[in-house]
Structures are given as C-alpha cells and as structure tokens.
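Participant: Have a look at this one.
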Amino acid sequence: MSSQDFSELKIRIARDLLKIKAVFFRPDEPFIWASGIKSPVYCDNRLTLTAPEVRTDVENGLAQVVREIYPAAEVLMGTSTAGIAHAAITGHILGLPMGYVRSGNKDHGRKNQIEGRLEPGQKVVVIEDLISTGGSVIEVVNVLREAGAEVLGIASIFTYGMKKGLERLEEAQVRNVSLTDFDTIAEVAAESGYIAATDVARLIAFRNDPSDESWIKA
C-alpha cells in the first residue's frame, strides 16, 4: 500500500465515521472514560456494523491492511467484544479462519479464553476496533503469545495515537496499523464544519497529553 493510498484510506474512513455520527465531539463538556480520563472525543465504531456502506469500507480496509501489511497471516483473532464482528467479516473476505480472545477465561465448559482453533506457531493478526492507551489489546496479544501464536501485528479501525499507547505497543514489540486516526478525523471534521476550526488545537492538545486538562478551558 503506497503512502498516498494509505492517506486516502485514512481520509475516507474518517469521513465514513463522521457521516454516521460514530465520532462525538464535546470539547466543552468532556466524556469520561472508564480509566477516568476526560476526553473531548468519543468514538463508537460499533455503529459501523449497522451502516452497510461504511461497514463495507471498513472491512475492505481491514482486509487490505492484512493482505498488504501482514501477508503471512494464517488466523485473525478479534478482541472481545468489539473486534469480533470485524474479525469475522474480514476473515470471510480473505478466506481466513478467525476466532476471538475473551477478557478472561470462561467459568464453564472448557474454560477457554481463546475461542476458535489456534495451533501453536500459527501466524496471527489481531483485529481491534479502537486503540487509546493500548492496554486491552496488548493483553490480547500476550494471551495469544502465551498460547504459542506468532502475533504479526494489529489491524484496527481507529487509534488516538496517544503517547502512552504508542509506548506500550513499542514495549510489547507489536505493530499496529489503523485505518484512520485522531489527527485525520479532527482535520476532516473541521474541513466539513462538523467542529469549529479553532477546536482542532484543543483536540490535539488532549491527544498529546490527556493528563493536562488545560484544553478544556482553552
């Protein structure tokens, strides 16, 4: 995938997410994440599943990433729960088997944490919907590695590009390729009038340092 093609893909997916209102901007009344972080943006990629045209763009985009960035992939593994449907559809497009990783072991049956067949040594790509601080997806990567899989990397729909997330991915020695990112969505949103151009700097300030809440009063 050329850099120009990838840039065009990022813009197209950003426009798609904005079109179906999967991205919410509230710089003056921030969302509070489970981690306690105050954020001017909330991204709900689950809405792509109920928008067929956007869903097609997303799944074809994920398939393209796997095909071109991770050509040796033998199995796709979705994160639970948001990545499961995307892993299934992308796996169907590519003719690859898929499964998913639970957040913890089941308390019944075989008490699996990994659902679907996975053989030691198989080359896996993790399918994730969104990456912020990177903690949950790295847990999935670690579970797969402990099971003997060779994790080639992650293909995700959206990333905030936060420093903490980037550092965690680097420390875990795992690559992530996202269809679009925080900066692209902010730029496209401003160009389309979805947000005020003056809000872009506030959004980027949040992305650069979520612990510094001065952007809220900017």
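We label chains A, B, ... in the order they appear in the structure tokens, count residues from 1 in each chain, and number ligands from 1 in the order shown.
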Fewer than 5 positions away in the same chain doesn't count, so skip those; otherwise give me all residues within 10 Å of Tyr42 (chain A), counting only C-alpha atoms, as a list in words.
Facilitator: Ala22, Val23, Phe24, Phe25, Arg26, Pro30, Phe31, Ile32 and Trp33 of chain A
Participant: Go ahead and dump the residues you just picked, all heavy atoms, as a CSV table (one decimal), in the first residue's frame.
Facilitator:
```
chain,number,residue,atom,x,y,z
A,22,ALA,N,-20.4,8.3,14.2
A,22,ALA,CA,-19.8,7.4,15.1
A,22,ALA,C,-18.7,8.1,16.0
A,22,ALA,O,-18.2,7.5,17.0
A,22,ALA,CB,-19.1,6.3,14.3
A,23,VAL,N,-18.4,9.3,15.7
A,23,VAL,CA,-17.5,10.1,16.4
A,23,VAL,C,-18.2,11.3,17.0
A,23,VAL,O,-18.9,12.1,16.3
A,23,VAL,CB,-16.3,10.6,15.6
A,23,VAL,CG1,-15.3,11.4,16.4
A,23,VAL,CG2,-15.7,9.5,14.9
A,24,PHE,N,-18.1,11.5,18.3
A,24,PHE,CA,-18.8,12.5,19.0
A,24,PHE,C,-17.8,13.5,19.6
A,24,PHE,O,-16.8,13.1,20.2
A,24,PHE,CB,-19.6,12.0,20.2
A,24,PHE,CG,-20.7,11.0,19.8
A,24,PHE,CD1,-20.3,9.6,19.7
A,24,PHE,CD2,-22.0,11.3,19.6
A,24,PHE,CE1,-21.3,8.7,19.3
A,24,PHE,CE2,-22.9,10.4,19.2
A,24,PHE,CZ,-22.6,9.1,19.1
A,25,PHE,N,-18.0,14.8,19.4
A,25,PHE,CA,-17.1,15.8,19.8
A,25,PHE,C,-17.8,16.7,20.9
A,25,PHE,O,-18.8,17.2,20.7
A,25,PHE,CB,-16.6,16.7,18.7
A,25,PHE,CG,-15.8,16.1,17.7
A,25,PHE,CD1,-16.3,15.5,16.5
A,25,PHE,CD2,-14.4,16.0,17.8
A,25,PHE,CE1,-15.5,14.9,15.6
A,25,PHE,CE2,-13.6,15.3,16.9
A,25,PHE,CZ,-14.2,14.8,15.7
A,26,ARG,N,-17.2,16.7,22.1
A,26,ARG,CA,-17.7,17.6,23.2
A,26,ARG,C,-16.5,18.2,23.9
A,26,ARG,O,-16.3,17.9,25.1
A,26,ARG,CB,-18.5,16.8,24.1
A,26,ARG,CG,-19.9,16.5,23.6
A,26,ARG,CD,-20.9,16.0,24.6
A,26,ARG,NE,-20.4,15.5,25.9
A,26,ARG,CZ,-21.0,14.5,26.6
A,26,ARG,NH1,-22.1,14.0,26.2
A,26,ARG,NH2,-20.5,14.1,27.7
A,30,PRO,N,-16.6,17.4,28.3
A,30,PRO,CA,-15.9,16.1,28.0
A,30,PRO,C,-16.5,14.8,28.5
A,30,PRO,O,-17.3,14.8,29.5
A,30,PRO,CB,-14.5,16.3,28.7
A,30,PRO,CG,-14.4,17.8,29.0
A,30,PRO,CD,-15.8,18.3,29.2
A,31,PHE,N,-16.3,13.8,27.7
A,31,PHE,CA,-16.7,12.5,28.1
A,31,PHE,C,-15.7,12.0,29.1
A,31,PHE,O,-14.5,12.4,29.2
A,31,PHE,CB,-16.6,11.5,26.9
A,31,PHE,CG,-17.5,11.9,25.8
A,31,PHE,CD1,-17.1,12.6,24.7
A,31,PHE,CD2,-18.9,11.5,25.8
A,31,PHE,CE1,-17.9,13.0,23.7
A,31,PHE,CE2,-19.7,11.8,24.8
A,31,PHE,CZ,-19.2,12.6,23.7
A,32,ILE,N,-16.1,11.1,30.0
A,32,ILE,CA,-15.2,10.5,31.0
A,32,ILE,C,-15.1,9.0,30.7
A,32,ILE,O,-16.1,8.3,30.7
A,32,ILE,CB,-15.7,10.7,32.4
A,32,ILE,CG1,-15.7,12.2,32.7
A,32,ILE,CG2,-14.7,10.0,33.4
A,32,ILE,CD1,-16.3,12.6,34.1
A,33,TRP,N,-13.8,8.6,30.4
A,33,TRP,CA,-13.6,7.2,30.1
A,33,TRP,C,-13.6,6.4,31.4
A,33,TRP,O,-13.5,6.9,32.5
A,33,TRP,CB,-12.3,7.0,29.4
A,33,TRP,CG,-12.2,7.6,28.0
A,33,TRP,CD1,-13.3,8.1,27.3
A,33,TRP,CD2,-11.1,7.8,27.2
A,33,TRP,NE1,-12.9,8.6,26.1
A,33,TRP,CE2,-11.5,8.4,26.0
A,33,TRP,CE3,-9.7,7.5,27.3
A,33,TRP,CZ2,-10.6,8.7,24.9
A,33,TRP,CZ3,-8.8,7.8,26.3
A,33,TRP,CH2,-9.3,8.3,25.1
```
Participant: Please identify which residues in chain A DSSP calls strand (DSSP E or B) from the backbone, and express them as a PyMOL selection string.
Facilitator: chain A and resi 23-25+31-32+38-39+41-43+75-79+98-101+114-115+123-131+150-159+176-181
Participant: Write out as a PyMOL selection string all residues of region 98-203 of chain A that DSSP puts in helix (DSSP H, G or I) for this structure's backbone.
Facilitator: chain A and resi 135-146+163-171+182-191+199-203
Participant: If you keep N, CA and C atoms, can you produce a file of those selected residues as a JSON list (two decimals), in the first residue's frame?
Facilitator:
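Resulting contents of selection-v4.json:
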```json
[["chain", "number", "residue", "atom", "x", "y", "z"],
["A", 135, "GLY", "N", -3.76, -0.73, 26.48],
["A", 135, "GLY", "CA", -3.70, -1.78, 27.48],
["A", 135, "GLY", "C", -4.45, -3.04, 27.12],
["A", 136, "SER", "N", -5.71, -2.91, 26.69],
["A", 136, "SER", "CA", -6.55, -4.09, 26.45],
["A", 136, "SER", "C", -6.06, -4.92, 25.27],
["A", 137, "VAL", "N", -5.63, -4.25, 24.19],
["A", 137, "VAL", "CA", -5.20, -5.02, 23.02],
["A", 137, "VAL", "C", -3.88, -5.72, 23.29],
["A", 138, "ILE", "N", -3.03, -5.13, 24.10],
["A", 138, "ILE", "CA", -1.76, -5.78, 24.43],
["A", 138, "ILE", "C", -2.01, -7.00, 25.31],
["A", 139, "GLU", "N", -3.03, -6.95, 26.16],
["A", 139, "GLU", "CA", -3.41, -8.14, 26.93],
["A", 139, "GLU", "C", -3.79, -9.28, 26.00],
["A", 140, "VAL", "N", -4.51, -8.96, 24.93],
["A", 140, "VAL", "CA", -4.90, -9.97, 23.94],
["A", 140, "VAL", "C", -3.66, -10.54, 23.26],
["A", 141, "VAL", "N", -2.75, -9.67, 22.86],
["A", 141, "VAL", "CA", -1.50, -10.10, 22.23],
["A", 141, "VAL", "C", -0.75, -11.06, 23.16],
["A", 142, "ASN", "N", -0.69, -10.73, 24.44],
["A", 142, "ASN", "CA", 0.04, -11.56, 25.40],
["A", 142, "ASN", "C", -0.62, -12.93, 25.57],
["A", 143, "VAL", "N", -1.95, -12.95, 25.61],
["A", 143, "VAL", "CA", -2.67, -14.24, 25.72],
["A", 143, "VAL", "C", -2.35, -15.12, 24.52],
["A", 144, "LEU", "N", -2.35, -14.53, 23.34],
["A", 144, "LEU", "CA", -2.07, -15.29, 22.12],
["A", 144, "LEU", "C", -0.63, -15.80, 22.10],
["A", 145, "ARG", "N", 0.29, -14.96, 22.53],
["A", 145, "ARG", "CA", 1.69, -15.38, 22.58],
["A", 145, "ARG", "C", 1.89, -16.51, 23.58],
["A", 146, "GLU", "N", 1.22, -16.42, 24.72],
["A", 146, "GLU", "CA", 1.34, -17.47, 25.72],
["A", 146, "GLU", "C", 0.78, -18.80, 25.20],
["A", 163, "LYS", "N", 0.56, 9.04, 23.35],
["A", 163, "LYS", "CA", 1.94, 8.67, 23.67],
["A", 163, "LYS", "C", 2.00, 7.39, 24.48],
["A", 164, "LYS", "N", 1.13, 7.27, 25.48],
["A", 164, "LYS", "CA", 1.13, 6.09, 26.34],
["A", 164, "LYS", "C", 0.84, 4.84, 25.53],
["A", 165, "GLY", "N", -0.12, 4.93, 24.62],
["A", 165, "GLY", "CA", -0.45, 3.79, 23.78],
["A", 165, "GLY", "C", 0.69, 3.40, 22.87],
["A", 166, "LEU", "N", 1.33, 4.40, 22.25],
["A", 166, "LEU", "CA", 2.45, 4.13, 21.35],
["A", 166, "LEU", "C", 3.61, 3.49, 22.11],
["A", 167, "GLU", "N", 3.87, 3.99, 23.31],
["A", 167, "GLU", "CA", 4.96, 3.44, 24.12],
["A", 167, "GLU", "C", 4.67, 2.00, 24.53],
["A", 168, "ARG", "N", 3.42, 1.71, 24.88],
["A", 168, "ARG", "CA", 3.06, 0.35, 25.28],
["A", 168, "ARG", "C", 3.21, -0.62, 24.11],
["A", 169, "LEU", "N", 2.78, -0.19, 22.92],
["A", 169, "LEU", "CA", 2.91, -1.04, 21.74],
["A", 169, "LEU", "C", 4.37, -1.32, 21.42],
["A", 170, "GLU", "N", 5.19, -0.28, 21.55],
["A", 170, "GLU", "CA", 6.61, -0.44, 21.29],
["A", 170, "GLU", "C", 7.25, -1.39, 22.31],
["A", 171, "GLU", "N", 6.87, -1.22, 23.57],
["A", 171, "GLU", "CA", 7.42, -2.07, 24.62],
["A", 171, "GLU", "C", 7.02, -3.53, 24.41],
["A", 182, "PHE", "N", -6.78, 9.88, 15.07],
["A", 182, "PHE", "CA", -7.34, 11.06, 15.74],
["A", 182, "PHE", "C", -7.08, 12.34, 14.95],
["A", 183, "ASP", "N", -5.85, 12.52, 14.50],
["A", 183, "ASP", "CA", -5.49, 13.74, 13.79],
["A", 183, "ASP", "C", -6.28, 13.88, 12.49],
["A", 184, "THR", "N", -6.41, 12.76, 11.76],
["A", 184, "THR", "CA", -7.14, 12.80, 10.49],
["A", 184, "THR", "C", -8.61, 13.13, 10.71],
["A", 185, "ILE", "N", -9.22, 12.51, 11.71],
["A", 185, "ILE", "CA", -10.63, 12.78, 11.98],
["A", 185, "ILE", "C", -10.83, 14.24, 12.40],
["A", 186, "ALA", "N", -9.92, 14.77, 13.22],
["A", 186, "ALA", "CA", -10.03, 16.17, 13.64],
["A", 186, "ALA", "C", -9.95, 17.10, 12.43],
["A", 187, "GLU", "N", -9.01, 16.84, 11.54],
["A", 187, "GLU", "CA", -8.85, 17.69, 10.36],
["A", 187, "GLU", "C", -10.07, 17.60, 9.44],
["A", 188, "VAL", "N", -10.54, 16.38, 9.19],
["A", 188, "VAL", "CA", -11.70, 16.21, 8.30],
["A", 188, "VAL", "C", -12.95, 16.82, 8.93],
["A", 189, "ALA", "N", -13.09, 16.69, 10.24],
["A", 189, "ALA", "CA", -14.25, 17.26, 10.94],
["A", 189, "ALA", "C", -14.25, 18.79, 10.82],
["A", 190, "ALA", "N", -13.09, 19.40, 10.93],
["A", 190, "ALA", "CA", -13.00, 20.86, 10.81],
["A", 190, "ALA", "C", -13.29, 21.30, 9.38],
["A", 191, "GLU", "N", -12.75, 20.57, 8.40],
["A", 191, "GLU", "CA", -12.96, 20.93, 7.00],
["A", 191, "GLU", "C", -14.43, 20.83, 6.61],
["A", 199, "ASP", "N", -11.27, 24.44, 17.35],
["A", 199, "ASP", "CA", -11.27, 23.32, 18.29],
["A", 199, "ASP", "C", -10.17, 22.30, 17.99],
["A", 200, "VAL", "N", -9.63, 22.33, 16.77],
["A", 200, "VAL", "CA", -8.64, 21.32, 16.40],
["A", 200, "VAL", "C", -7.43, 21.36, 17.33],
["A", 201, "ALA", "N", -6.94, 22.56, 17.63],
["A", 201, "ALA", "CA", -5.78, 22.69, 18.52],
["A", 201, "ALA", "C", -6.09, 22.12, 19.91],
["A", 202, "ARG", "N", -7.31, 22.30, 20.37],
["A", 202, "ARG", "CA", -7.70, 21.76, 21.68],
["A", 202, "ARG", "C", -7.70, 20.23, 21.64],
["A", 203, "LEU", "N", -8.19, 19.68, 20.54],
["A", 203, "LEU", "CA", -8.23, 18.23, 20.40],
["A", 203, "LEU", "C", -6.81, 17.64, 20.38]]
```
Participant: Please indicate the distance in Å from CA of Ser178 (chain A) to CA of Lys10 (chain A), rounded to one decimal place.
Facilitator: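 Taking CA of Ser178 (chain A) and CA of Lys10 (chain A), their separation equals 8.2 Å.
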Participant: My list of candidates is A:Pro71, A:Ala147, A:Thr50, A:Pro40. Which is closest to Ala205 (chain A) when distances are computed with only C-alpha atoms?
Facilitator: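 Going through A:Pro71, A:Ala147, A:Thr50, A:Pro40 one by one, the smallest distance to Ala205 (chain A) is for A:Pro40.
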Participant: Smallest atom-to-atom distance to Val101 (chain A): which of A:Ala149, A:Ala82, A:Met77, A:Ala72, using only C-alpha atoms?
Facilitator: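 Checking each of A:Ala149, A:Ala82, A:Met77, A:Ala72 against Val101 (chain A), counting only C-alpha atoms, the winner is A:Met77.
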Participant: Just want the 9 Å neighbourhood of Ala63 (chain A), counted on only C-alpha atoms, with same-chain residues fewer than 5 positions away dropped. Output as an MDAnalysis selection string.
Facilitator: chainID A and resid 58 68 90:91 93:94 155
Participant: Just want the 9 Å neighbourhood of region 122-128 of chain A, counted on only C-alpha atoms, with same-chain residues fewer than 3 positions away dropped. Output as a PyMOL selection string.
Facilitator: chain A and resi 62+66+70+72-80+82-84+86-87+90+100+118-119+131+137+140-141+144+148-158
Participant: Would you list the contacts of Ile20 (chain A) as a PyMOL selection string, taking every protein, DNA or RNA residue within 12 Å and counting only C-alpha atoms, but skipping same-chain residues closer than 3 positions in sequence?
Facilitator: chain A and resi 13-17+23-24+43-55
Participant: Can those selected residues be exported to a file as a PDB file, in the first residue's frame so that it contains N, CA, C and O atoms?
Facilitator:
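What follows is the written file result.pdb:
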```
ATOM      1  N   ILE A  13     -12.121   6.696   5.607  1.00  0.00           N
ATOM      2  CA  ILE A  13     -12.699   6.100   6.817  1.00  0.00           C
ATOM      3  C   ILE A  13     -13.099   7.191   7.810  1.00  0.00           C
ATOM      4  O   ILE A  13     -14.138   7.085   8.474  1.00  0.00           O
ATOM      5  N   ALA A  14     -12.309   8.252   7.904  1.00  0.00           N
ATOM      6  CA  ALA A  14     -12.665   9.372   8.782  1.00  0.00           C
ATOM      7  C   ALA A  14     -14.000   9.973   8.356  1.00  0.00           C
ATOM      8  O   ALA A  14     -14.879  10.239   9.190  1.00  0.00           O
ATOM      9  N   ARG A  15     -14.163  10.186   7.057  1.00  0.00           N
ATOM     10  CA  ARG A  15     -15.430  10.734   6.544  1.00  0.00           C
ATOM     11  C   ARG A  15     -16.592   9.788   6.826  1.00  0.00           C
ATOM     12  O   ARG A  15     -17.698  10.222   7.166  1.00  0.00           O
ATOM     13  N   ASP A  16     -16.331   8.493   6.671  1.00  0.00           N
ATOM     14  CA  ASP A  16     -17.370   7.495   6.944  1.00  0.00           C
ATOM     15  C   ASP A  16     -17.828   7.567   8.397  1.00  0.00           C
ATOM     16  O   ASP A  16     -19.033   7.571   8.685  1.00  0.00           O
ATOM     17  N   LEU A  17     -16.876   7.599   9.313  1.00  0.00           N
ATOM     18  CA  LEU A  17     -17.210   7.613  10.734  1.00  0.00           C
ATOM     19  C   LEU A  17     -17.971   8.879  11.118  1.00  0.00           C
ATOM     20  O   LEU A  17     -18.907   8.842  11.925  1.00  0.00           O
ATOM     21  N   VAL A  23     -18.447   9.336  15.659  1.00  0.00           N
ATOM     22  CA  VAL A  23     -17.498  10.133  16.436  1.00  0.00           C
ATOM     23  C   VAL A  23     -18.241  11.316  17.035  1.00  0.00           C
ATOM     24  O   VAL A  23     -18.896  12.074  16.314  1.00  0.00           O
ATOM     25  N   PHE A  24     -18.141  11.454  18.332  1.00  0.00           N
ATOM     26  CA  PHE A  24     -18.816  12.536  19.047  1.00  0.00           C
ATOM     27  C   PHE A  24     -17.764  13.505  19.588  1.00  0.00           C
ATOM     28  O   PHE A  24     -16.781  13.079  20.199  1.00  0.00           O
ATOM     29  N   CYS A  43     -15.509   7.764  20.338  1.00  0.00           N
ATOM     30  CA  CYS A  43     -15.660   7.073  19.056  1.00  0.00           C
ATOM     31  C   CYS A  43     -16.372   5.742  19.289  1.00  0.00           C
ATOM     32  O   CYS A  43     -15.888   4.908  20.055  1.00  0.00           O
ATOM     33  N   ASP A  44     -17.511   5.560  18.640  1.00  0.00           N
ATOM     34  CA  ASP A  44     -18.298   4.335  18.783  1.00  0.00           C
ATOM     35  C   ASP A  44     -18.312   3.591  17.446  1.00  0.00           C
ATOM     36  O   ASP A  44     -19.223   3.748  16.637  1.00  0.00           O
ATOM     37  N   ASN A  45     -17.290   2.768  17.233  1.00  0.00           N
ATOM     38  CA  ASN A  45     -17.178   2.056  15.965  1.00  0.00           C
ATOM     39  C   ASN A  45     -18.192   0.937  15.801  1.00  0.00           C
ATOM     40  O   ASN A  45     -18.335   0.393  14.701  1.00  0.00           O
ATOM     41  N   ARG A  46     -18.914   0.609  16.862  1.00  0.00           N
ATOM     42  CA  ARG A  46     -19.960  -0.409  16.727  1.00  0.00           C
ATOM     43  C   ARG A  46     -21.046   0.053  15.759  1.00  0.00           C
ATOM     44  O   ARG A  46     -21.741  -0.764  15.146  1.00  0.00           O
ATOM     45  N   LEU A  47     -21.175   1.363  15.614  1.00  0.00           N
ATOM     46  CA  LEU A  47     -22.180   1.896  14.688  1.00  0.00           C
ATOM     47  C   LEU A  47     -21.872   1.560  13.233  1.00  0.00           C
ATOM     48  O   LEU A  47     -22.768   1.589  12.385  1.00  0.00           O
ATOM     49  N   THR A  48     -20.625   1.220  12.942  1.00  0.00           N
ATOM     50  CA  THR A  48     -20.286   0.842  11.561  1.00  0.00           C
ATOM     51  C   THR A  48     -21.007  -0.440  11.158  1.00  0.00           C
ATOM     52  O   THR A  48     -21.286  -0.652   9.972  1.00  0.00           O
ATOM     53  N   LEU A  49     -21.321  -1.290  12.116  1.00  0.00           N
ATOM     54  CA  LEU A  49     -21.962  -2.559  11.805  1.00  0.00           C
ATOM     55  C   LEU A  49     -23.387  -2.377  11.305  1.00  0.00           C
ATOM     56  O   LEU A  49     -23.912  -3.229  10.580  1.00  0.00           O
ATOM     57  N   THR A  50     -24.025  -1.273  11.678  1.00  0.00           N
ATOM     58  CA  THR A  50     -25.406  -1.030  11.253  1.00  0.00           C
ATOM     59  C   THR A  50     -25.490  -0.042  10.100  1.00  0.00           C
ATOM     60  O   THR A  50     -26.576   0.436   9.760  1.00  0.00           O
ATOM     61  N   ALA A  51     -24.358   0.248   9.479  1.00  0.00           N
ATOM     62  CA  ALA A  51     -24.307   1.130   8.312  1.00  0.00           C
ATOM     63  C   ALA A  51     -23.599   0.366   7.190  1.00  0.00           C
ATOM     64  O   ALA A  51     -22.369   0.400   7.098  1.00  0.00           O
ATOM     65  N   PRO A  52     -24.339  -0.353   6.350  1.00  0.00           N
ATOM     66  CA  PRO A  52     -23.733  -1.266   5.379  1.00  0.00           C
ATOM     67  C   PRO A  52     -22.643  -0.663   4.488  1.00  0.00           C
ATOM     68  O   PRO A  52     -21.609  -1.307   4.266  1.00  0.00           O
ATOM     69  N   GLU A  53     -22.839   0.549   3.991  1.00  0.00           N
ATOM     70  CA  GLU A  53     -21.825   1.139   3.111  1.00  0.00           C
ATOM     71  C   GLU A  53     -20.531   1.405   3.865  1.00  0.00           C
ATOM     72  O   GLU A  53     -19.428   1.120   3.373  1.00  0.00           O
ATOM     73  N   VAL A  54     -20.660   1.946   5.059  1.00  0.00           N
ATOM     74  CA  VAL A  54     -19.481   2.217   5.873  1.00  0.00           C
ATOM     75  C   VAL A  54     -18.844   0.907   6.314  1.00  0.00           C
ATOM     76  O   VAL A  54     -17.618   0.760   6.299  1.00  0.00           O
ATOM     77  N   ARG A  55     -19.668  -0.043   6.691  1.00  0.00           N
ATOM     78  CA  ARG A  55     -19.153  -1.351   7.097  1.00  0.00           C
ATOM     79  C   ARG A  55     -18.322  -1.979   5.974  1.00  0.00           C
ATOM     80  O   ARG A  55     -17.261  -2.554   6.218  1.00  0.00           O
TER      81      ARG A  55
END
```
Participant: What does the distance from CA of Tyr160 (chain A) to CA of Gly116 (chain A) come to in Å, to one decimal?
Facilitator: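 A separation of 29.5 Å between them.
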Participant: From the set A:Val174, A:Ile216, A:Thr159, A:Thr56, which residue has the shortest atom-to-atom contact distance to Glu29 (chain A), counting only C-alpha atoms?
Facilitator: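 The closest residue to Glu29 (chain A) is A:Ile216.
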